[in-house]
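This is target31.txt (compact mmCIF, C-alpha atoms).
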```txt
# COMPACT_ATOMS: atom_id res chain seq x y z
CA MET A 1 22.17 26.45 22.14
CA ALA A 2 23.66 27.73 18.92
CA ALA A 3 27.30 26.98 18.31
CA GLU A 4 29.62 29.91 18.23
CA PRO A 5 30.69 30.79 14.71
CA THR A 6 34.22 29.74 13.97
CA ALA A 7 36.62 32.33 12.64
CA ALA A 8 37.41 31.99 8.96
CA PRO A 9 40.99 30.91 8.33
CA GLU A 10 43.27 33.74 7.42
CA THR A 11 44.31 33.69 3.79
CA GLU A 12 47.80 34.54 2.66
CA PRO A 13 48.01 37.96 0.97
CA THR A 14 48.64 37.83 -2.75
CA ASP A 15 51.79 39.26 -4.27
CA ASP A 16 49.78 42.18 -5.65
CA GLU A 17 48.39 42.95 -2.19
CA LEU A 18 51.87 42.83 -0.68
CA ILE A 19 53.17 45.14 -3.40
CA ARG A 20 50.41 47.65 -2.70
CA SER A 21 51.17 47.48 1.02
CA THR A 22 54.89 48.00 0.35
CA LEU A 23 54.19 51.01 -1.84
CA ALA A 24 51.97 52.37 0.96
CA GLY A 25 54.99 52.34 3.26
CA LYS A 26 54.53 48.96 4.97
CA THR A 27 57.98 47.58 4.28
CA ARG A 28 57.24 44.46 6.33
CA ALA A 29 55.09 43.36 3.41
CA TYR A 30 58.18 43.29 1.22
CA ASP A 31 59.86 40.98 3.74
CA ILE A 32 57.04 38.52 3.08
CA LEU A 33 57.67 38.77 -0.67
CA ILE A 34 61.36 38.05 -0.08
CA LYS A 35 60.59 34.98 2.05
CA ARG A 36 58.04 33.78 -0.48
CA HIS A 37 60.34 33.92 -3.51
CA SER A 38 63.91 33.82 -2.21
CA ARG A 39 64.33 30.03 -2.21
CA LYS A 40 63.22 29.57 -5.81
CA LEU A 41 65.18 32.61 -6.96
CA HIS A 42 68.31 31.40 -5.20
CA ALA A 43 67.90 27.93 -6.76
CA MET A 44 67.68 29.47 -10.23
CA LEU A 45 70.76 31.61 -9.65
CA MET A 46 72.65 28.60 -8.30
CA GLN A 47 72.05 26.84 -11.62
CA VAL A 48 73.19 29.87 -13.61
CA LEU A 49 76.18 30.89 -11.48
CA ASN A 50 77.15 27.58 -9.83
CA SER A 51 78.20 29.39 -6.68
CA GLU A 52 76.14 29.56 -3.52
CA ALA A 53 77.84 32.78 -2.41
CA ASP A 54 77.41 34.47 -5.80
CA ALA A 55 73.80 33.30 -6.04
CA PHE A 56 73.08 34.73 -2.58
CA ASP A 57 74.71 38.06 -3.46
CA ILE A 58 72.91 38.40 -6.80
CA ALA A 59 69.59 37.44 -5.22
CA GLN A 60 70.04 40.14 -2.56
CA GLU A 61 70.94 42.69 -5.23
CA ALA A 62 67.87 41.69 -7.24
CA PHE A 63 65.53 42.08 -4.27
CA ILE A 64 67.04 45.48 -3.44
CA LYS A 65 66.77 46.66 -7.05
CA ALA A 66 63.20 45.37 -7.27
CA PHE A 67 62.30 47.23 -4.06
CA HIS A 68 63.60 50.53 -5.41
CA SER A 69 61.89 49.96 -8.77
CA LEU A 70 58.63 48.61 -7.37
CA ARG A 71 56.66 51.71 -8.32
CA TYR A 72 57.46 50.92 -11.97
CA PHE A 73 56.02 47.41 -11.74
CA LYS A 74 52.99 47.46 -14.04
CA GLY A 75 51.48 44.17 -13.02
CA ASP A 76 51.17 42.86 -16.59
CA SER A 77 53.16 39.81 -15.48
CA ALA A 78 53.55 37.95 -12.21
CA PHE A 79 55.83 39.56 -9.64
CA TYR A 80 58.22 36.62 -9.61
CA THR A 81 58.53 36.80 -13.42
CA TRP A 82 59.50 40.46 -13.11
CA LEU A 83 61.86 39.62 -10.25
CA TYR A 84 63.46 36.80 -12.26
CA THR A 85 64.05 39.24 -15.12
CA ILE A 86 65.93 41.57 -12.79
CA ALA A 87 67.92 38.72 -11.22
CA LEU A 88 68.80 37.15 -14.56
CA ASN A 89 70.03 40.47 -15.93
CA GLN A 90 72.12 40.93 -12.78
CA ALA A 91 73.54 37.43 -13.24
CA ARG A 92 74.32 38.07 -16.91
CA ASN A 93 76.17 41.27 -16.05
CA PHE A 94 78.08 39.46 -13.32
CA MET A 95 79.10 36.65 -15.70
CA ARG A 96 80.20 39.13 -18.38
CA LYS A 97 82.32 40.96 -15.82
CA ARG A 98 83.80 37.68 -14.57
CA LYS A 99 84.60 36.62 -18.13
CA ARG A 100 86.38 39.93 -18.81
CA GLU A 101 88.41 39.37 -15.66
CA GLY A 102 89.44 35.91 -16.81
CA GLY A 103 87.10 33.84 -14.64
CA THR A 104 85.49 30.60 -15.75
CA PHE A 105 81.87 29.55 -15.88
CA SER A 106 80.58 26.03 -15.41
CA LEU A 107 77.58 24.34 -13.91
CA ASP A 108 79.78 21.42 -12.89
CA ASN A 109 81.89 22.72 -10.03
CA ASP A 110 82.94 20.33 -7.29
CA GLU A 111 83.97 23.19 -5.00
CA ASN A 112 80.33 24.20 -4.51
CA GLY A 113 78.81 20.76 -4.83
CA ASP A 114 76.15 19.72 -7.31
CA PRO A 115 73.45 22.43 -7.46
CA LEU A 116 71.02 20.04 -9.11
CA GLU A 117 71.51 17.58 -6.27
CA LYS A 118 71.14 20.24 -3.58
CA ASP A 119 67.91 21.57 -5.04
CA ALA A 120 66.42 18.11 -5.54
CA GLN A 121 67.22 17.07 -1.99
CA LEU A 122 65.58 20.18 -0.64
CA ALA A 123 62.53 19.59 -2.81
CA ASP A 124 62.17 15.90 -1.88
CA PRO A 125 63.24 15.06 1.71
CA ALA A 126 61.65 11.61 1.33
CA MET A 127 64.60 10.60 -0.84
CA GLU A 128 66.59 10.07 2.35
CA ALA A 129 64.42 7.01 3.08
CA ASP A 130 65.79 5.19 0.02
CA PRO A 131 69.61 5.41 0.01
CA ILE A 132 69.96 3.19 -3.10
CA ARG A 133 67.64 5.39 -5.19
CA ASN A 134 69.25 8.44 -3.66
CA ALA A 135 72.71 7.29 -4.74
CA ARG A 136 71.53 6.49 -8.25
CA ASN A 137 69.76 9.82 -8.62
CA ALA A 138 72.78 11.67 -7.26
CA GLU A 139 74.96 10.04 -9.92
CA LEU A 140 72.48 10.91 -12.64
CA ARG A 141 72.25 14.50 -11.42
CA LYS A 142 76.02 14.75 -11.40
CA LYS A 143 76.17 13.56 -15.01
CA LEU A 144 73.36 15.91 -16.00
CA ALA A 145 75.02 18.90 -14.30
CA HIS A 146 78.26 18.08 -16.13
CA ALA A 147 76.41 17.83 -19.46
CA ILE A 148 74.54 21.11 -18.91
CA GLY A 149 77.85 22.76 -18.11
CA GLN A 150 79.07 21.90 -21.61
CA LEU A 151 76.20 23.79 -23.29
CA SER A 152 76.52 27.40 -24.37
CA PRO A 153 75.38 30.00 -21.79
CA ALA A 154 72.23 30.71 -23.87
CA HIS A 155 71.26 27.04 -23.87
CA GLN A 156 72.16 26.61 -20.20
CA GLU A 157 69.86 29.51 -19.44
CA VAL A 158 66.81 28.10 -21.21
CA VAL A 159 67.36 24.60 -19.74
CA THR A 160 67.63 26.11 -16.25
CA LEU A 161 64.45 28.16 -16.59
CA ALA A 162 62.34 25.61 -18.48
CA ASP A 163 63.47 22.23 -17.19
CA ILE A 164 64.85 22.96 -13.73
CA GLN A 165 62.69 25.90 -12.66
CA GLY A 166 59.63 24.66 -14.56
CA LEU A 167 58.68 28.05 -15.99
CA SER A 168 56.41 28.31 -19.02
CA PHE A 169 57.62 29.68 -22.34
CA PRO A 170 55.56 32.89 -21.97
CA GLU A 171 57.18 33.44 -18.56
CA ILE A 172 60.67 32.74 -19.90
CA ALA A 173 60.04 35.07 -22.84
CA LYS A 174 59.17 37.88 -20.44
CA ILE A 175 62.19 37.16 -18.26
CA THR A 176 64.74 36.91 -21.07
CA ASN A 177 63.09 39.25 -23.59
CA ILE A 178 63.55 36.53 -26.21
CA PRO A 179 60.69 35.37 -28.53
CA GLU A 180 58.99 32.11 -27.57
CA GLY A 181 59.84 30.53 -30.92
CA THR A 182 63.54 31.16 -30.39
CA LEU A 183 63.33 29.75 -26.86
CA ARG A 184 61.57 26.60 -28.08
CA SER A 185 64.25 26.10 -30.73
CA ARG A 186 67.02 26.61 -28.18
CA LEU A 187 65.46 24.17 -25.75
CA HIS A 188 64.97 21.58 -28.50
CA TYR A 189 68.59 21.93 -29.56
CA ALA A 190 69.77 21.85 -25.94
CA HIS A 191 67.84 18.61 -25.33
CA LYS A 192 69.45 17.01 -28.38
CA GLN A 193 72.87 18.11 -27.18
CA LEU A 194 72.20 16.77 -23.70
CA GLN A 195 71.04 13.43 -25.11
CA SER A 196 74.25 13.17 -27.10
CA LEU A 197 76.46 14.19 -24.19
CA LEU A 198 74.77 11.80 -21.76
CA SER A 199 74.98 8.96 -24.27
CA ASP A 200 78.72 9.56 -24.63
CA GLU A 201 79.15 9.17 -20.85
CA ARG A 202 77.58 5.69 -20.71
```

File written out as structure tokens:
Amino acid sequence: MAAEPTAAPETEPTDDELIRSTLAGKTRAYDILIKRHSRKLHAMLMQVLNSEADAFDIAQEAFIKAFHSLRYFKGDSAFYTWLYTIALNQARNFMRKRKREGGTFSLDNDENGDPLEKDAQLADPAMEADPIRNARNAELRKKLAHAIGQLSPAHQEVVTLADIQGLSFPEIAKITNIPEGTLRSRLHYAHKQLQSLLSDER
């Protein structure tokens, strides 16, 4: 007796498929895009803004703006690259407004905790099994966050996108609208600055 054929596992829809479904009026498809990219987007904004509340607000604004502009998405880059561009521009505008109003900007803010530590703990739950390594890494992340906070906003931005988010230079160039050569130079300079700052803290 022949075995009954097993159903093929369902594959996750691609971003492009979800975009087409959204544009066809199936807004539930956009909810999937939000769930797929919200954590990484929020982590990036946490590094830039150093405020969980501000990062959440800017991420929501970015998703809303992307939804209303979705028909203009050409597909010549990945959706998340396009989304990051929108979110980063929103964050830049927010920081400029905050600076005009006399606010301060720092990646090292005890009130909100260490964003590097939060993101790393979320990414690696196994760290909880080794409290000694966890403590050491937490101290290193705290020092690194403090050092990054002493860089200029332009250098903080490229370190966040390249080193923390792990984006490629072509992706960062699309997001920031800055030439790859300039980004490479900024990252090189930022790394030298970080080395110097971290050496001073020993």

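In terms of minimum interatomic distance to Ala154 (chain A), A:Arg186 ranks closest within A:Arg141, A:Arg186, A:Arg36, A:Lys174, counting all atoms listed in the file.
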
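Using all atoms listed in the file, the smallest distance between any of A:Ile175, A:Leu167, A:Leu183, A:Ala24 and Thr85 (chain A) comes from A:Ile175.
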
Among listed residues A:Ala43, A:Leu198, A:Ala59, A:Ala87, nearest Lys142 (chain A) (using all atoms listed in the file): A:Leu198

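For Leu23 (chain A), the set of protein, DNA and RNA residues having any atom at most 12 Å away, when counting all atoms listed in the file and skipping those fewer than 4 positions along the same chain, is Asp16, Glu17, Leu18, Ile19, Thr27, Arg28, Ala29, Tyr30, Ala66, Phe67, His68, Ser69, Leu70, Arg71, Tyr72 and Phe73 of chain A.
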
For a test of reading the model, state the distance in Å between CA of Phe63 (chain A) and CA of Gly75 (chain A), rounded to one decimal. 16.7 Å

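For the pair CA of Val158 (chain A) and CA of Arg98 (chain A), the separation is 20.6 Å.
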
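Minimum atom-to-atom distance to Thr14 (chain A), evaluated using only C-alpha atoms, belongs to A:Ile32 out of A:Ile32, A:Leu83, A:Ile178, A:Leu45.
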
Please measure the separation of CA of Phe169 (chain A) and CA of Ser51 (chain A), giving the value in Å to one decimal. 25.9 Å

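Taking only C-alpha atoms into account, His42 (chain A) lies nearest to A:Tyr84 out of the set A:Gly25, A:Glu101, A:Tyr84, A:Ser77.
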
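Using all atoms listed in the file for every distance, the candidate list A:Glu171, A:Ala145, A:Ser196, A:Val48 yields A:Val48 as the residue closest to Arg92 (chain A).
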
Show me that you can extract region 137-150 of chain A, keeping all heavy atoms, and write it as a short mmCIF file (atom, residue, chain, number, x, y, z; two decimals), in the first residue's frame.
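Heads up, here's the output in result.cif:
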```cif
data_model
loop_
_atom_site.label_atom_id
_atom_site.label_comp_id
_atom_site.auth_asym_id
_atom_site.auth_seq_id
_atom_site.Cartn_x
_atom_site.Cartn_y
_atom_site.Cartn_z
N ASN A 137 31.74 40.15 30.43
CA ASN A 137 31.24 40.74 29.18
C ASN A 137 30.40 41.99 29.45
O ASN A 137 30.45 42.95 28.69
CB ASN A 137 30.42 39.71 28.40
CG ASN A 137 31.29 38.65 27.78
OD1 ASN A 137 32.50 38.81 27.71
ND2 ASN A 137 30.68 37.57 27.33
N ALA A 138 29.62 41.97 30.53
CA ALA A 138 28.81 43.13 30.88
C ALA A 138 29.70 44.33 31.16
O ALA A 138 29.40 45.46 30.74
CB ALA A 138 27.93 42.82 32.09
N GLU A 139 30.82 44.10 31.85
CA GLU A 139 31.75 45.19 32.15
C GLU A 139 32.39 45.72 30.87
O GLU A 139 32.52 46.93 30.68
CB GLU A 139 32.83 44.70 33.12
CG GLU A 139 33.83 45.77 33.54
CD GLU A 139 33.19 46.91 34.32
OE1 GLU A 139 32.13 46.69 34.94
OE2 GLU A 139 33.75 48.02 34.28
N LEU A 140 32.76 44.80 29.98
CA LEU A 140 33.35 45.22 28.71
C LEU A 140 32.35 46.01 27.87
O LEU A 140 32.70 47.01 27.25
CB LEU A 140 33.85 44.00 27.92
CG LEU A 140 35.10 43.30 28.45
CD1 LEU A 140 35.37 42.02 27.68
CD2 LEU A 140 36.31 44.23 28.36
N ARG A 141 31.10 45.53 27.87
CA ARG A 141 30.08 46.24 27.09
C ARG A 141 29.82 47.63 27.65
O ARG A 141 29.58 48.58 26.92
CB ARG A 141 28.78 45.41 27.05
CG ARG A 141 28.86 44.22 26.12
CD ARG A 141 27.47 43.64 25.89
NE ARG A 141 26.91 43.13 27.12
CZ ARG A 141 27.09 41.88 27.55
NH1 ARG A 141 27.85 41.05 26.88
NH2 ARG A 141 26.53 41.47 28.67
N LYS A 142 29.88 47.73 28.98
CA LYS A 142 29.67 49.03 29.61
C LYS A 142 30.78 50.00 29.20
O LYS A 142 30.52 51.17 28.88
CB LYS A 142 29.64 48.87 31.12
CG LYS A 142 29.30 50.16 31.87
CD LYS A 142 29.18 49.90 33.36
CE LYS A 142 28.83 51.20 34.10
NZ LYS A 142 28.70 50.97 35.56
N LYS A 143 32.03 49.50 29.21
CA LYS A 143 33.15 50.34 28.79
C LYS A 143 33.04 50.72 27.31
O LYS A 143 33.31 51.86 26.93
CB LYS A 143 34.48 49.61 29.04
CG LYS A 143 34.84 49.48 30.51
CD LYS A 143 36.16 48.75 30.68
CE LYS A 143 36.55 48.66 32.15
NZ LYS A 143 37.83 47.93 32.34
N LEU A 144 32.63 49.74 26.50
CA LEU A 144 32.50 50.01 25.07
C LEU A 144 31.40 51.03 24.80
O LEU A 144 31.56 51.95 23.99
CB LEU A 144 32.20 48.71 24.32
CG LEU A 144 32.04 48.84 22.79
CD1 LEU A 144 33.27 49.43 22.16
CD2 LEU A 144 31.73 47.47 22.19
N ALA A 145 30.25 50.88 25.49
CA ALA A 145 29.16 51.84 25.31
C ALA A 145 29.60 53.24 25.71
O ALA A 145 29.26 54.22 25.04
CB ALA A 145 27.95 51.42 26.15
N HIS A 146 30.38 53.33 26.80
CA HIS A 146 30.87 54.63 27.24
C HIS A 146 31.81 55.23 26.20
O HIS A 146 31.75 56.42 25.89
CB HIS A 146 31.60 54.49 28.58
CG HIS A 146 32.16 55.78 29.10
ND1 HIS A 146 31.37 56.78 29.62
CD2 HIS A 146 33.44 56.24 29.14
CE1 HIS A 146 32.14 57.80 29.97
NE2 HIS A 146 33.39 57.49 29.70
N ALA A 147 32.69 54.38 25.62
CA ALA A 147 33.63 54.86 24.62
C ALA A 147 32.91 55.31 23.35
O ALA A 147 33.22 56.35 22.78
CB ALA A 147 34.64 53.76 24.29
N ILE A 148 31.92 54.52 22.91
CA ILE A 148 31.16 54.90 21.71
C ILE A 148 30.45 56.22 21.93
O ILE A 148 30.35 57.06 21.04
CB ILE A 148 30.15 53.79 21.34
CG1 ILE A 148 30.89 52.54 20.88
CG2 ILE A 148 29.20 54.26 20.23
CD1 ILE A 148 29.98 51.35 20.63
N GLY A 149 29.97 56.43 23.16
CA GLY A 149 29.27 57.67 23.47
C GLY A 149 30.14 58.90 23.37
O GLY A 149 29.63 60.03 23.30
N GLN A 150 31.47 58.72 23.37
CA GLN A 150 32.38 59.85 23.26
C GLN A 150 32.75 60.17 21.81
O GLN A 150 33.44 61.16 21.55
CB GLN A 150 33.66 59.57 24.07
CG GLN A 150 33.39 59.43 25.56
CD GLN A 150 34.66 59.17 26.34
OE1 GLN A 150 35.56 60.01 26.40
NE2 GLN A 150 34.75 58.00 26.96
#
```
